[in-house]
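J.: The following file, input.txt, comprises compact mmCIF, C-alpha atoms and all ligand atoms:
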```txt
# COMPACT_ATOMS: atom_id res chain seq x y z
CA MET Y 1 40.83 3.95 7.25
CA ASN Y 2 41.01 4.76 3.58
CA ASP Y 3 38.25 6.55 1.74
CA MET Y 4 37.88 4.12 -1.13
CA THR Y 5 34.30 2.96 -1.63
CA PRO Y 6 33.75 -0.82 -1.70
CA THR Y 7 33.26 -0.83 -5.47
CA ASP Y 8 36.63 0.73 -6.29
CA MET Y 9 38.60 -1.37 -3.81
CA PRO Y 10 40.75 -4.13 -5.27
CA ALA Y 11 38.74 -7.34 -5.48
CA GLU Y 12 40.65 -9.12 -2.70
CA THR Y 13 39.85 -6.37 -0.13
CA LYS Y 14 36.07 -6.46 -0.74
CA THR Y 15 35.31 -8.28 2.49
CA ASP Y 16 31.89 -6.90 3.35
CA LEU Y 17 29.41 -8.76 1.18
CA PHE Y 18 26.73 -6.32 2.30
CA SER Y 19 28.32 -3.56 0.20
CA ARG Y 20 26.13 -4.73 -2.70
CA PHE Y 21 23.15 -3.29 -0.80
CA ASP Y 22 24.67 0.18 -0.41
CA PRO Y 23 22.60 1.78 -3.20
CA LEU Y 24 19.38 0.47 -1.65
CA ILE Y 25 20.46 1.50 1.87
CA LYS Y 26 21.14 5.00 0.53
CA GLN Y 27 17.82 5.19 -1.33
CA ARG Y 28 15.95 4.16 1.83
CA GLN Y 29 17.88 6.62 4.02
CA ASP Y 30 17.28 9.47 1.55
CA LEU Y 31 13.57 8.70 1.69
CA LEU Y 32 13.49 8.59 5.50
CA ASP Y 33 15.51 11.84 5.64
CA THR Y 34 12.59 13.60 3.95
CA GLY Y 35 10.73 12.91 7.20
CA VAL Y 36 8.32 10.34 5.75
CA THR Y 37 7.24 7.32 7.86
CA ASP Y 38 8.92 4.08 6.74
CA PRO Y 39 6.25 2.52 4.51
CA PHE Y 40 7.77 -0.94 4.93
CA SER Y 41 7.66 -1.27 8.72
CA LEU Y 42 4.02 -0.73 9.60
CA VAL Y 43 2.73 -2.72 12.57
CA MET Y 44 -0.86 -3.91 12.84
CA GLU Y 45 -1.33 -3.47 16.58
CA LYS Y 46 -4.74 -5.12 16.59
CA VAL Y 47 -6.80 -6.51 13.74
CA LEU Y 48 -10.49 -5.81 14.23
CA SER Y 49 -11.99 -7.38 11.10
CA PRO Y 50 -10.98 -8.23 7.52
CA THR Y 51 -11.27 -4.53 6.68
CA THR Y 52 -10.12 -2.68 9.82
CA ALA Y 53 -7.13 -2.68 12.17
CA ILE Y 54 -5.44 -0.48 14.73
CA CYS Y 55 -2.22 0.96 13.25
CA SER Y 56 -0.15 3.55 15.16
CA GLY Y 57 -2.94 3.74 17.72
CA ARG Y 58 -5.72 4.61 15.30
CA GLU Y 59 -8.46 2.69 13.58
CA THR Y 60 -7.48 2.18 9.97
CA ILE Y 61 -9.38 0.87 6.95
CA LEU Y 62 -7.40 -1.92 5.29
CA LEU Y 63 -7.14 -1.58 1.52
CA GLY Y 64 -3.94 -3.49 0.88
CA THR Y 65 -4.25 -6.97 2.33
CA TYR Y 66 -5.28 -9.27 -0.59
CA ASN Y 67 -7.87 -10.61 1.81
CA TYR Y 68 -10.24 -10.52 -1.16
CA MET Y 69 -13.04 -12.62 0.24
CA GLY Y 70 -12.67 -11.54 3.87
CA MET Y 71 -12.34 -15.11 5.15
CA THR Y 72 -9.83 -14.31 7.93
CA PHE Y 73 -12.59 -13.69 10.48
CA ASP Y 74 -15.21 -16.07 9.14
CA PRO Y 75 -16.67 -17.75 12.27
CA ASP Y 76 -16.66 -21.25 10.73
CA VAL Y 77 -13.06 -20.84 9.59
CA ILE Y 78 -11.94 -19.71 13.04
CA ALA Y 79 -13.87 -22.49 14.78
CA ALA Y 80 -12.24 -25.11 12.51
CA GLY Y 81 -8.78 -23.76 13.33
CA LYS Y 82 -9.43 -23.79 17.07
CA GLN Y 83 -10.79 -27.33 16.96
CA ALA Y 84 -7.74 -28.55 15.02
CA LEU Y 85 -5.40 -26.90 17.53
CA ASP Y 86 -7.16 -28.80 20.31
CA ASP Y 87 -7.29 -32.09 18.45
CA PHE Y 88 -3.92 -32.15 16.66
CA GLY Y 89 -1.65 -29.66 18.46
CA ALA Y 90 0.27 -26.62 17.28
CA GLY Y 91 2.40 -28.12 14.50
CA THR Y 92 3.35 -31.29 12.67
CA THR Y 93 7.14 -31.01 13.10
CA GLY Y 94 7.60 -32.98 9.94
CA SER Y 95 7.67 -33.22 6.17
CA ARG Y 96 4.60 -34.32 4.25
CA VAL Y 97 6.45 -37.49 3.22
CA LEU Y 98 7.38 -38.45 6.78
CA ASN Y 99 5.28 -37.61 9.84
CA GLY Y 100 3.73 -34.40 8.44
CA THR Y 101 0.64 -35.67 6.64
CA TYR Y 102 -2.34 -35.47 9.00
CA ALA Y 103 -5.97 -36.09 8.15
CA GLY Y 104 -6.32 -32.31 7.72
CA HIS Y 105 -3.73 -32.17 4.94
CA ARG Y 106 -5.64 -34.81 3.02
CA ALA Y 107 -8.90 -32.97 3.75
CA VAL Y 108 -7.65 -29.68 2.35
CA GLU Y 109 -6.34 -31.44 -0.76
CA ASP Y 110 -9.78 -33.05 -1.18
CA ALA Y 111 -11.40 -29.61 -0.82
CA LEU Y 112 -9.08 -28.23 -3.52
CA LYS Y 113 -9.83 -31.12 -5.90
CA GLU Y 114 -13.53 -30.43 -5.47
CA PHE Y 115 -13.12 -26.66 -5.74
CA TYR Y 116 -11.29 -26.95 -9.09
CA GLY Y 117 -12.92 -30.16 -10.32
CA MET Y 118 -9.45 -31.66 -10.81
CA ASP Y 119 -7.98 -35.08 -10.09
CA HIS Y 120 -4.92 -34.08 -8.06
CA ALA Y 121 -4.03 -31.46 -5.48
CA MET Y 122 -0.77 -30.98 -3.66
CA VAL Y 123 -0.43 -28.53 -0.78
CA PHE Y 124 2.80 -26.66 -0.03
CA SER Y 125 3.74 -24.50 2.95
CA THR Y 126 3.40 -21.31 0.85
CA GLY Y 127 2.46 -20.29 -2.68
CA TYR Y 128 6.05 -19.19 -3.13
CA GLN Y 129 7.18 -22.75 -2.47
CA ALA Y 130 4.50 -24.16 -4.77
CA ASN Y 131 5.96 -22.18 -7.68
CA LEU Y 132 9.54 -22.97 -6.68
CA GLY Y 133 8.76 -26.65 -6.41
CA ILE Y 134 6.53 -27.32 -9.38
CA ILE Y 135 8.43 -25.18 -11.90
CA SER Y 136 11.91 -26.37 -10.95
CA THR Y 137 10.80 -30.01 -10.87
CA ILE Y 138 8.77 -30.33 -14.07
CA ALA Y 139 11.04 -28.33 -16.40
CA GLY Y 140 14.53 -29.80 -16.47
CA LYS Y 141 17.73 -29.69 -18.52
CA GLY Y 142 17.03 -29.28 -22.23
CA ASP Y 143 13.47 -28.02 -21.63
CA TYR Y 144 12.29 -24.46 -22.28
CA ILE Y 145 10.20 -22.23 -20.05
CA VAL Y 146 8.42 -19.39 -21.86
CA LEU Y 147 7.05 -16.85 -19.39
CA ASP Y 148 5.57 -13.38 -19.13
CA ILE Y 149 8.25 -10.86 -18.16
CA ASP Y 150 6.02 -9.47 -15.38
CA SER Y 151 5.80 -12.83 -13.63
CA HIS Y 152 5.86 -12.96 -9.83
CA ALA Y 153 9.22 -13.36 -8.07
CA SER Y 154 8.32 -16.91 -7.00
CA ILE Y 155 7.93 -17.90 -10.68
CA TRP Y 156 11.29 -16.39 -11.59
CA ASP Y 157 12.89 -18.08 -8.59
CA GLY Y 158 11.34 -21.41 -9.59
CA CYS Y 159 12.90 -20.99 -13.04
CA LYS Y 160 16.25 -20.11 -11.49
CA MET Y 161 16.19 -23.16 -9.25
CA GLY Y 162 15.68 -25.53 -12.19
CA ASP Y 163 17.86 -26.32 -15.17
CA ALA Y 164 15.56 -25.32 -18.03
CA GLU Y 165 16.26 -22.52 -20.51
CA VAL Y 166 14.18 -19.48 -19.57
CA VAL Y 167 12.68 -17.32 -22.31
CA PRO Y 168 10.66 -14.26 -21.23
CA PHE Y 169 8.25 -12.36 -23.46
CA LYS Y 170 6.66 -8.90 -23.25
CA HIS Y 171 3.78 -8.68 -20.80
CA ASN Y 172 0.52 -10.15 -22.15
CA ASP Y 173 1.90 -10.05 -25.73
CA ILE Y 174 0.49 -13.09 -27.54
CA GLU Y 175 2.58 -12.60 -30.69
CA ALA Y 176 5.81 -12.24 -28.73
CA MET Y 177 4.97 -15.44 -26.85
CA GLU Y 178 4.26 -17.28 -30.11
CA LYS Y 179 7.50 -16.09 -31.72
CA ARG Y 180 9.52 -17.41 -28.79
CA LEU Y 181 7.70 -20.73 -28.81
CA LYS Y 182 8.39 -21.17 -32.52
CA ARG Y 183 12.13 -20.60 -32.01
CA ILE Y 184 12.47 -23.48 -29.55
CA PRO Y 185 14.44 -26.40 -31.02
CA GLU Y 186 12.43 -29.33 -32.34
CA GLY Y 187 11.79 -32.01 -29.74
CA ALA Y 188 12.51 -29.88 -26.65
CA GLY Y 189 10.00 -29.89 -23.76
CA LYS Y 190 8.09 -26.61 -23.39
CA LEU Y 191 6.33 -25.03 -20.44
CA VAL Y 192 4.40 -21.77 -20.76
CA ILE Y 193 3.88 -19.92 -17.47
CA LEU Y 194 1.16 -17.30 -17.14
CA GLU Y 195 -0.73 -15.58 -14.35
CA GLY Y 196 -4.49 -15.03 -14.27
CA VAL Y 197 -4.24 -11.61 -12.61
CA TYR Y 198 -0.96 -9.70 -12.55
CA SER Y 199 -0.82 -8.25 -9.07
CA MET Y 200 1.10 -5.06 -9.72
CA LEU Y 201 -1.35 -3.39 -12.09
CA GLY Y 202 -4.33 -5.68 -11.41
CA ASP Y 203 -4.70 -6.55 -15.10
CA ILE Y 204 -5.70 -9.99 -16.36
CA ALA Y 205 -4.10 -12.19 -19.03
CA PRO Y 206 -5.78 -13.06 -22.35
CA LEU Y 207 -5.53 -16.70 -21.29
CA LYS Y 208 -7.90 -18.04 -23.93
CA GLU Y 209 -5.70 -16.92 -26.82
CA MET Y 210 -2.43 -17.55 -25.03
CA ILE Y 211 -3.34 -21.08 -24.06
CA ARG Y 212 -4.51 -21.81 -27.61
CA VAL Y 213 -1.15 -20.64 -28.97
CA ALA Y 214 0.76 -22.56 -26.30
CA LYS Y 215 -1.10 -25.78 -27.10
CA GLU Y 216 -0.72 -25.32 -30.88
CA ASN Y 217 3.00 -25.17 -30.26
CA GLY Y 218 3.12 -28.29 -28.13
CA ALA Y 219 3.66 -26.60 -24.75
CA MET Y 220 2.32 -27.54 -21.33
CA VAL Y 221 0.71 -24.65 -19.48
CA LEU Y 222 0.99 -23.53 -15.87
CA VAL Y 223 -1.23 -20.69 -14.66
CA ASP Y 224 -0.72 -18.95 -11.33
CA GLU Y 225 -4.18 -17.91 -10.14
CA ALA Y 226 -3.03 -16.46 -6.78
CA HIS Y 227 -4.99 -13.22 -7.22
CA SER Y 228 -8.10 -14.62 -8.86
CA MET Y 229 -8.96 -17.73 -6.84
CA GLY Y 230 -12.18 -17.34 -4.91
CA PHE Y 231 -13.23 -14.22 -6.79
CA ILE Y 232 -12.92 -14.42 -10.59
CA GLY Y 233 -14.94 -16.95 -12.61
CA PRO Y 234 -18.46 -18.27 -12.03
CA ASN Y 235 -17.17 -20.64 -9.30
CA GLY Y 236 -14.19 -18.54 -8.23
CA ARG Y 237 -11.74 -20.88 -9.94
CA GLY Y 238 -9.93 -18.00 -11.59
CA VAL Y 239 -9.35 -16.29 -14.91
CA ALA Y 240 -8.92 -19.60 -16.78
CA GLU Y 241 -12.40 -20.64 -15.64
CA ASP Y 242 -13.80 -17.22 -16.54
CA GLN Y 243 -12.40 -17.49 -20.08
CA GLY Y 244 -13.58 -21.09 -20.45
CA VAL Y 245 -10.12 -22.70 -20.73
CA LEU Y 246 -9.51 -24.25 -17.32
CA ASP Y 247 -9.68 -27.75 -18.84
CA GLN Y 248 -6.66 -26.91 -21.02
CA VAL Y 249 -4.45 -25.77 -18.15
CA ASP Y 250 -2.01 -28.47 -17.07
CA PHE Y 251 -1.12 -26.98 -13.68
CA VAL Y 252 -2.90 -24.33 -11.62
CA ILE Y 253 -0.83 -22.77 -8.86
CA GLY Y 254 -2.51 -20.95 -6.02
CA THR Y 255 -2.14 -19.67 -2.50
CA PHE Y 256 -4.08 -19.74 0.74
CA SER Y 257 -2.67 -16.31 1.67
CA LYS Y 258 -5.18 -14.25 -0.31
CA SER Y 259 -8.86 -15.21 -0.80
CA VAL Y 260 -8.56 -18.30 1.40
CA GLY Y 261 -7.43 -16.07 4.28
CA THR Y 262 -4.64 -18.09 5.88
CA VAL Y 263 -1.24 -19.33 4.65
CA GLY Y 264 -0.15 -22.11 2.29
CA GLY Y 265 0.17 -22.85 -1.40
CA PHE Y 266 -0.96 -25.51 -3.82
CA CYS Y 267 -0.90 -27.00 -7.28
CA VAL Y 268 -3.90 -28.75 -8.83
CA SER Y 269 -3.68 -30.82 -12.00
CA ASN Y 270 -5.34 -33.51 -14.06
CA HIS Y 271 -2.02 -34.95 -15.20
CA PRO Y 272 -2.24 -38.74 -14.72
CA LYS Y 273 1.32 -38.95 -13.35
CA PHE Y 274 0.99 -35.93 -11.06
CA GLU Y 275 1.29 -37.85 -7.76
CA ILE Y 276 4.98 -38.59 -8.43
CA MET Y 277 5.59 -34.94 -7.59
CA ARG Y 278 5.25 -35.84 -3.91
CA LEU Y 279 8.49 -37.79 -4.10
CA VAL Y 280 10.60 -35.62 -6.38
CA CYS Y 281 9.64 -32.04 -5.57
CA ARG Y 282 12.21 -30.74 -3.10
CA PRO Y 283 10.29 -27.72 -1.70
CA TYR Y 284 7.52 -30.21 -0.83
CA VAL Y 285 9.74 -32.93 0.60
CA PHE Y 286 12.41 -30.99 2.46
CA THR Y 287 10.31 -28.71 4.63
CA ALA Y 288 7.78 -29.11 7.44
CA SER Y 289 4.12 -29.29 6.53
CA LEU Y 290 1.54 -26.67 7.47
CA PRO Y 291 0.18 -26.73 11.04
CA PRO Y 292 -3.12 -28.61 11.53
CA SER Y 293 -4.96 -25.39 12.46
CA VAL Y 294 -3.91 -23.80 9.16
CA VAL Y 295 -5.04 -26.67 6.96
CA ALA Y 296 -8.33 -26.88 8.88
CA THR Y 297 -9.00 -23.16 8.34
CA ALA Y 298 -8.02 -23.47 4.67
CA ALA Y 299 -10.30 -26.47 4.02
CA THR Y 300 -13.27 -24.74 5.68
CA SER Y 301 -12.61 -21.52 3.80
CA ILE Y 302 -12.24 -23.26 0.40
CA ARG Y 303 -15.51 -25.14 0.90
CA LYS Y 304 -17.30 -21.90 1.77
CA LEU Y 305 -15.77 -20.17 -1.28
CA MET Y 306 -17.53 -22.74 -3.48
CA HIS Y 307 -20.81 -21.07 -2.52
CA ALA Y 308 -19.77 -17.44 -2.34
CA GLY Y 309 -21.53 -16.04 -5.42
CA ASN Y 310 -23.05 -13.13 -3.48
CA LYS Y 311 -19.71 -12.15 -2.02
CA ARG Y 312 -18.10 -12.29 -5.45
CA ALA Y 313 -20.82 -10.00 -6.85
CA HIS Y 314 -20.34 -7.51 -4.01
CA LEU Y 315 -16.57 -7.50 -4.50
CA TRP Y 316 -17.02 -6.73 -8.21
CA GLU Y 317 -19.34 -3.89 -7.20
CA ASN Y 318 -16.68 -2.51 -4.81
CA SER Y 319 -13.99 -2.77 -7.48
CA ARG Y 320 -16.10 -0.98 -10.10
CA THR Y 321 -17.17 1.77 -7.67
CA LEU Y 322 -13.66 2.58 -6.45
CA HIS Y 323 -12.15 2.41 -9.93
CA LYS Y 324 -14.74 4.87 -11.24
CA ALA Y 325 -14.38 7.20 -8.26
CA LEU Y 326 -10.57 7.36 -8.41
CA THR Y 327 -10.61 7.86 -12.19
CA GLY Y 328 -13.15 10.64 -11.69
CA LEU Y 329 -10.87 12.35 -9.17
CA GLY Y 330 -8.09 12.42 -11.76
CA PHE Y 331 -5.84 9.63 -10.49
CA LYS Y 332 -3.95 7.60 -13.07
CA LEU Y 333 -4.77 3.90 -12.65
CA GLY Y 334 -3.05 0.72 -13.81
CA THR Y 335 -6.02 -0.39 -15.94
CA ALA Y 336 -8.59 1.59 -17.93
CA GLU Y 337 -11.38 -0.66 -16.62
CA PRO Y 338 -11.53 -2.65 -13.39
CA GLN Y 339 -10.29 -6.15 -14.25
CA SER Y 340 -9.80 -7.63 -10.77
CA ALA Y 341 -10.01 -6.67 -7.09
CA ILE Y 342 -6.69 -4.82 -7.40
CA ILE Y 343 -6.68 -1.15 -8.30
CA ALA Y 344 -3.20 0.26 -8.81
CA VAL Y 345 -2.81 4.02 -8.48
CA ILE Y 346 0.25 5.22 -10.39
CA MET Y 347 2.41 7.74 -8.51
CA PRO Y 348 4.70 10.25 -10.26
CA ASP Y 349 7.79 9.09 -8.29
CA LEU Y 350 8.88 7.24 -5.15
CA GLU Y 351 9.06 10.39 -3.00
CA ARG Y 352 5.55 11.53 -3.78
CA GLY Y 353 4.33 7.93 -3.63
CA ALA Y 354 5.69 7.61 -0.08
CA MET Y 355 4.20 11.00 0.87
CA MET Y 356 0.82 9.98 -0.50
CA TRP Y 357 1.05 6.63 1.29
CA GLU Y 358 1.73 8.45 4.56
CA ALA Y 359 -1.02 11.01 3.98
CA LEU Y 360 -3.50 8.17 3.45
CA LEU Y 361 -2.30 6.44 6.62
CA ARG Y 362 -2.88 9.66 8.55
CA GLU Y 363 -6.37 9.74 7.08
CA GLY Y 364 -6.84 6.21 8.44
CA LEU Y 365 -6.30 4.17 5.27
CA TYR Y 366 -3.72 1.47 4.61
CA VAL Y 367 -2.69 0.68 1.04
CA ASN Y 368 0.43 -1.06 -0.33
CA LEU Y 369 3.31 1.03 -1.58
CA ALA Y 370 5.07 -0.85 -4.37
CA ARG Y 371 8.25 0.27 -6.06
CA PRO Y 372 10.85 -1.14 -8.46
CA PRO Y 373 12.12 -3.83 -8.87
CA ALA Y 374 8.78 -5.39 -7.85
CA THR Y 375 6.85 -3.08 -10.21
CA PRO Y 376 6.94 -3.05 -14.03
CA ALA Y 377 8.54 -0.17 -15.97
CA GLY Y 378 10.09 1.41 -12.86
CA MET Y 379 6.70 2.57 -11.57
CA THR Y 380 5.81 3.55 -8.01
CA LEU Y 381 2.32 2.31 -7.22
CA LEU Y 382 -0.21 2.58 -4.45
CA ARG Y 383 -1.86 -0.78 -4.76
CA CYS Y 384 -5.38 -1.07 -3.42
CA SER Y 385 -6.92 -4.49 -2.96
CA LEU Y 386 -10.61 -4.54 -2.25
CA CYS Y 387 -12.39 -7.02 -0.03
CA ALA Y 388 -15.86 -8.53 -0.28
CA GLU Y 389 -16.36 -7.33 3.31
CA HIS Y 390 -15.77 -3.65 2.47
CA THR Y 391 -19.13 -1.94 2.75
CA ALA Y 392 -20.37 0.58 0.18
CA GLU Y 393 -19.98 3.19 2.93
CA GLN Y 394 -16.30 2.24 3.46
CA VAL Y 395 -15.67 2.59 -0.28
CA GLU Y 396 -17.15 6.08 -0.13
CA ILE Y 397 -14.99 6.97 2.88
CA ILE Y 398 -11.91 5.60 1.04
CA THR Y 399 -12.70 7.84 -1.95
CA GLY Y 400 -12.84 10.90 0.31
CA MET Y 401 -9.50 9.96 1.86
CA PHE Y 402 -7.87 9.66 -1.56
CA GLU Y 403 -9.29 13.01 -2.59
CA ARG Y 404 -7.97 14.86 0.48
CA ALA Y 405 -4.57 13.15 0.43
CA GLY Y 406 -4.16 13.55 -3.35
CA LYS Y 407 -4.90 17.27 -3.14
CA ALA Y 408 -2.62 17.76 -0.13
CA ILE Y 409 0.33 16.09 -1.90
CA GLY Y 410 -0.46 17.74 -5.23
CA ILE Y 411 -1.08 14.55 -7.18
CA ILE Y 412 -4.57 15.55 -8.33
C1 LIG C 501 1.26 -14.33 -8.37
C2 LIG C 501 1.72 -14.84 -7.05
N1 LIG C 501 2.14 -16.11 -6.94
C3 LIG C 501 2.57 -16.60 -5.78
C4 LIG C 501 2.60 -15.84 -4.63
C5 LIG C 501 3.14 -16.42 -3.37
O1 LIG C 501 2.12 -16.69 -2.45
P1 LIG C 501 2.41 -16.95 -0.92
O2 LIG C 501 2.10 -15.70 -0.20
O3 LIG C 501 1.47 -18.05 -0.55
O4 LIG C 501 3.83 -17.36 -0.78
C6 LIG C 501 2.16 -14.53 -4.69
C7 LIG C 501 2.18 -13.71 -3.46
O5 LIG C 501 2.20 -12.55 -3.42
C8 LIG C 501 1.72 -14.00 -5.92
O6 LIG C 501 1.32 -12.74 -6.02
```
Show this structure as structure tokens.
Ligand SMILES: Cc1ncc(COP(=O)(O)O)c(C=O)c1O

T.:
Amino acid sequence: MNDMTPTDMPAETKTDLFSRFDPLIKQRQDLLDTGVTDPFSLVMEKVLSPTTAICSGRETILLGTYNYMGMTFDPDVIAAGKQALDDFGAGTTGSRVLNGTYAGHRAVEDALKEFYGMDHAMVFSTGYQANLGIISTIAGKGDYIVLDIDSHASIWDGCKMGDAEVVPFKHNDIEAMEKRLKRIPEGAGKLVILEGVYSMLGDIAPLKEMIRVAKENGAMVLVDEAHSMGFIGPNGRGVAEDQGVLDQVDFVIGTFSKSVGTVGGFCVSNHPKFEIMRLVCRPYVFTASLPPSVVATAATSIRKLMHAGNKRAHLWENSRTLHKALTGLGFKLGTAEPQSAIIAVIMPDLERGAMMWEALLREGLYVNLARPPATPAGMTLLRCSLCAEHTAEQVEIITGMFERAGKAIGII
């Protein structure tokens, strides 16, 4: 044994490729050595409802699930899934372009077309794959992708998988976006990628202005509405609908893993040539399609979300109430006003963030702990996502839990 660390060994003796993870392994171990519970290995032992589960043997309020509209336990959604299991079996064992398109896949794409009022809908196995597939396929060699620097990992990975030049701009900065668009060589294809709601801080994009600038500069526009579908906008179509610019968006990307309450991803579009995507988009072609029970639950959920105005209003009420209460207690939040169903509570550092996360869990509250590199500006966040099924009483209980935990850890 020699005592050289992997990084100062000669290149040819660096045999353990895992040595690149040593800093992260150390950071995790240092955190666990403080005695804190591992925030990334929680087990839901039983899920009781969209807002409650048994974790470590105790009933826990869920405030970090992105189950915005609480559709996971909707009786019609569950019945549709059970029926599809009986009628079509457990899985398709095939790609959408071979044996993996069942009636249910067409039905969920029809539901999406109706939900968005768009001509085309294409369903992927996850939202991650939808971004990978659409971005890497539509923007090719010689094209330019201009994207917000705080874009989701699946957007970055979609850019990486394709051959286009990738040009990031400062988060939500319209001028920075415009400057980059104007520098793109004459004649090159341009794709601007934005999100409706940015999930780390829960802030929304000024889509109206950004899309205007993108269009003035000859760019196509893709908007990821993962965290706004079902909730934001008069019909729950997202931030683009809310700001009156949905008709100018070329591609909307979304997921079934948040408001829809199951798993899957999609792209909807009015582009007249959109259907060719089914033959050329590798993350659509070279993977098995979603199980029949999943597409049946998704289709039922999406159709119910078209008529969920009361639920949307209640979710806004929950978001406003919690935002006001946490601000009043002295917590620092990601946005000055509630802009979505996500409320991000900014922690002073990872250690105290993990301690606060654990203190909340002991109180009986689950939130998401988020840390760099997933977060912007190196922040540690406790991300709260509200649900339309949280009662006003639960929101009050949650506030009390934050107050006790925050005082115990010394954050407020
Ligand atoms: C903005 C955004 N896009 C895409 C995804 C991927 O969705 P899925 O869970 O369906 O893979 C997520 C998931 O967190 C997301 O936040």

J.: Check the smallest atom-to-atom distance from each of Y:Val36, Y:Met355, Y:Ala377, Y:Leu361 to Ala53 of chain Y using only C-alpha atoms, then report the winner.

T.: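 Ranked by minimum distance to Ala53 of chain Y, first place goes to Y:Leu361.
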
J.: Neighbours of ligand LIG 501 (chain C) at 9 Å or closer, counting only C-alpha atoms and all ligand atoms: which residues, as a ChimeraX atom specification?

T.: /Y:66,124-131,151-155,195-200,224-227,253-258,262-266

J.: So, with all atoms listed in the file as the atoms that count, which of Y:Arg352, Y:Arg312, Y:His171, Y:Lys208 lies closest to Ser228 of chain Y?

T.: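 Smallest separation from Ser228 of chain Y among the options: Y:Arg312.
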
J.: Tell me, in Å to one decimal, how far atom CA of Cys387 of chain Y is from atom CA of Gly117 of chain Y.

T.: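 Distance reported for this atom pair: 25.3 Å.
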
J.: For Phe274 of chain Y, please output as a ChimeraX atom specification all residues within 10 Å (counting only C-alpha atoms; exclusion window: fewer than 2 positions along the same chain).

T.: /Y:119-122,251,267-272,276-278

J.: From the list Y:Leu132, Y:Ala299, Y:Ile411, Y:Leu194, which residue is nearest Arg106 of chain Y when using all atoms listed in the file?

T.: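 With all atoms listed in the file as the atom set, the closest residue is Y:Ala299.
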
J.: Counting only C-alpha atoms, figure out which residue out of Y:Leu17, Y:Ile397, Y:Ile193, Y:Leu322 gets nearest to Ile343 of chain Y.

T.: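 Nearest to Ile343 of chain Y: Y:Leu322.
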
J.: What's the separation between atom CA of Gln83 of chain Y and atom CA of Ser293 of chain Y, in Å to one decimal place?

T.: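 These atoms are spaced 7.6 Å apart.
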
J.: Compare Y:Ala344, Y:Leu63, Y:Met356, Y:Leu350 by their minimum atom-to-atom distance to Gln27 of chain Y, counting all atoms listed in the file, and give me the closest one.

T.: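 Going through Y:Ala344, Y:Leu63, Y:Met356, Y:Leu350 one by one, the smallest distance to Gln27 of chain Y is for Y:Leu350.
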
J.: Counting only C-alpha atoms, which of Y:Pro292, Y:Gly100, Y:Pro168, Y:Gly233 gets nearest to Asp150 of chain Y?

T.: Y:Pro168
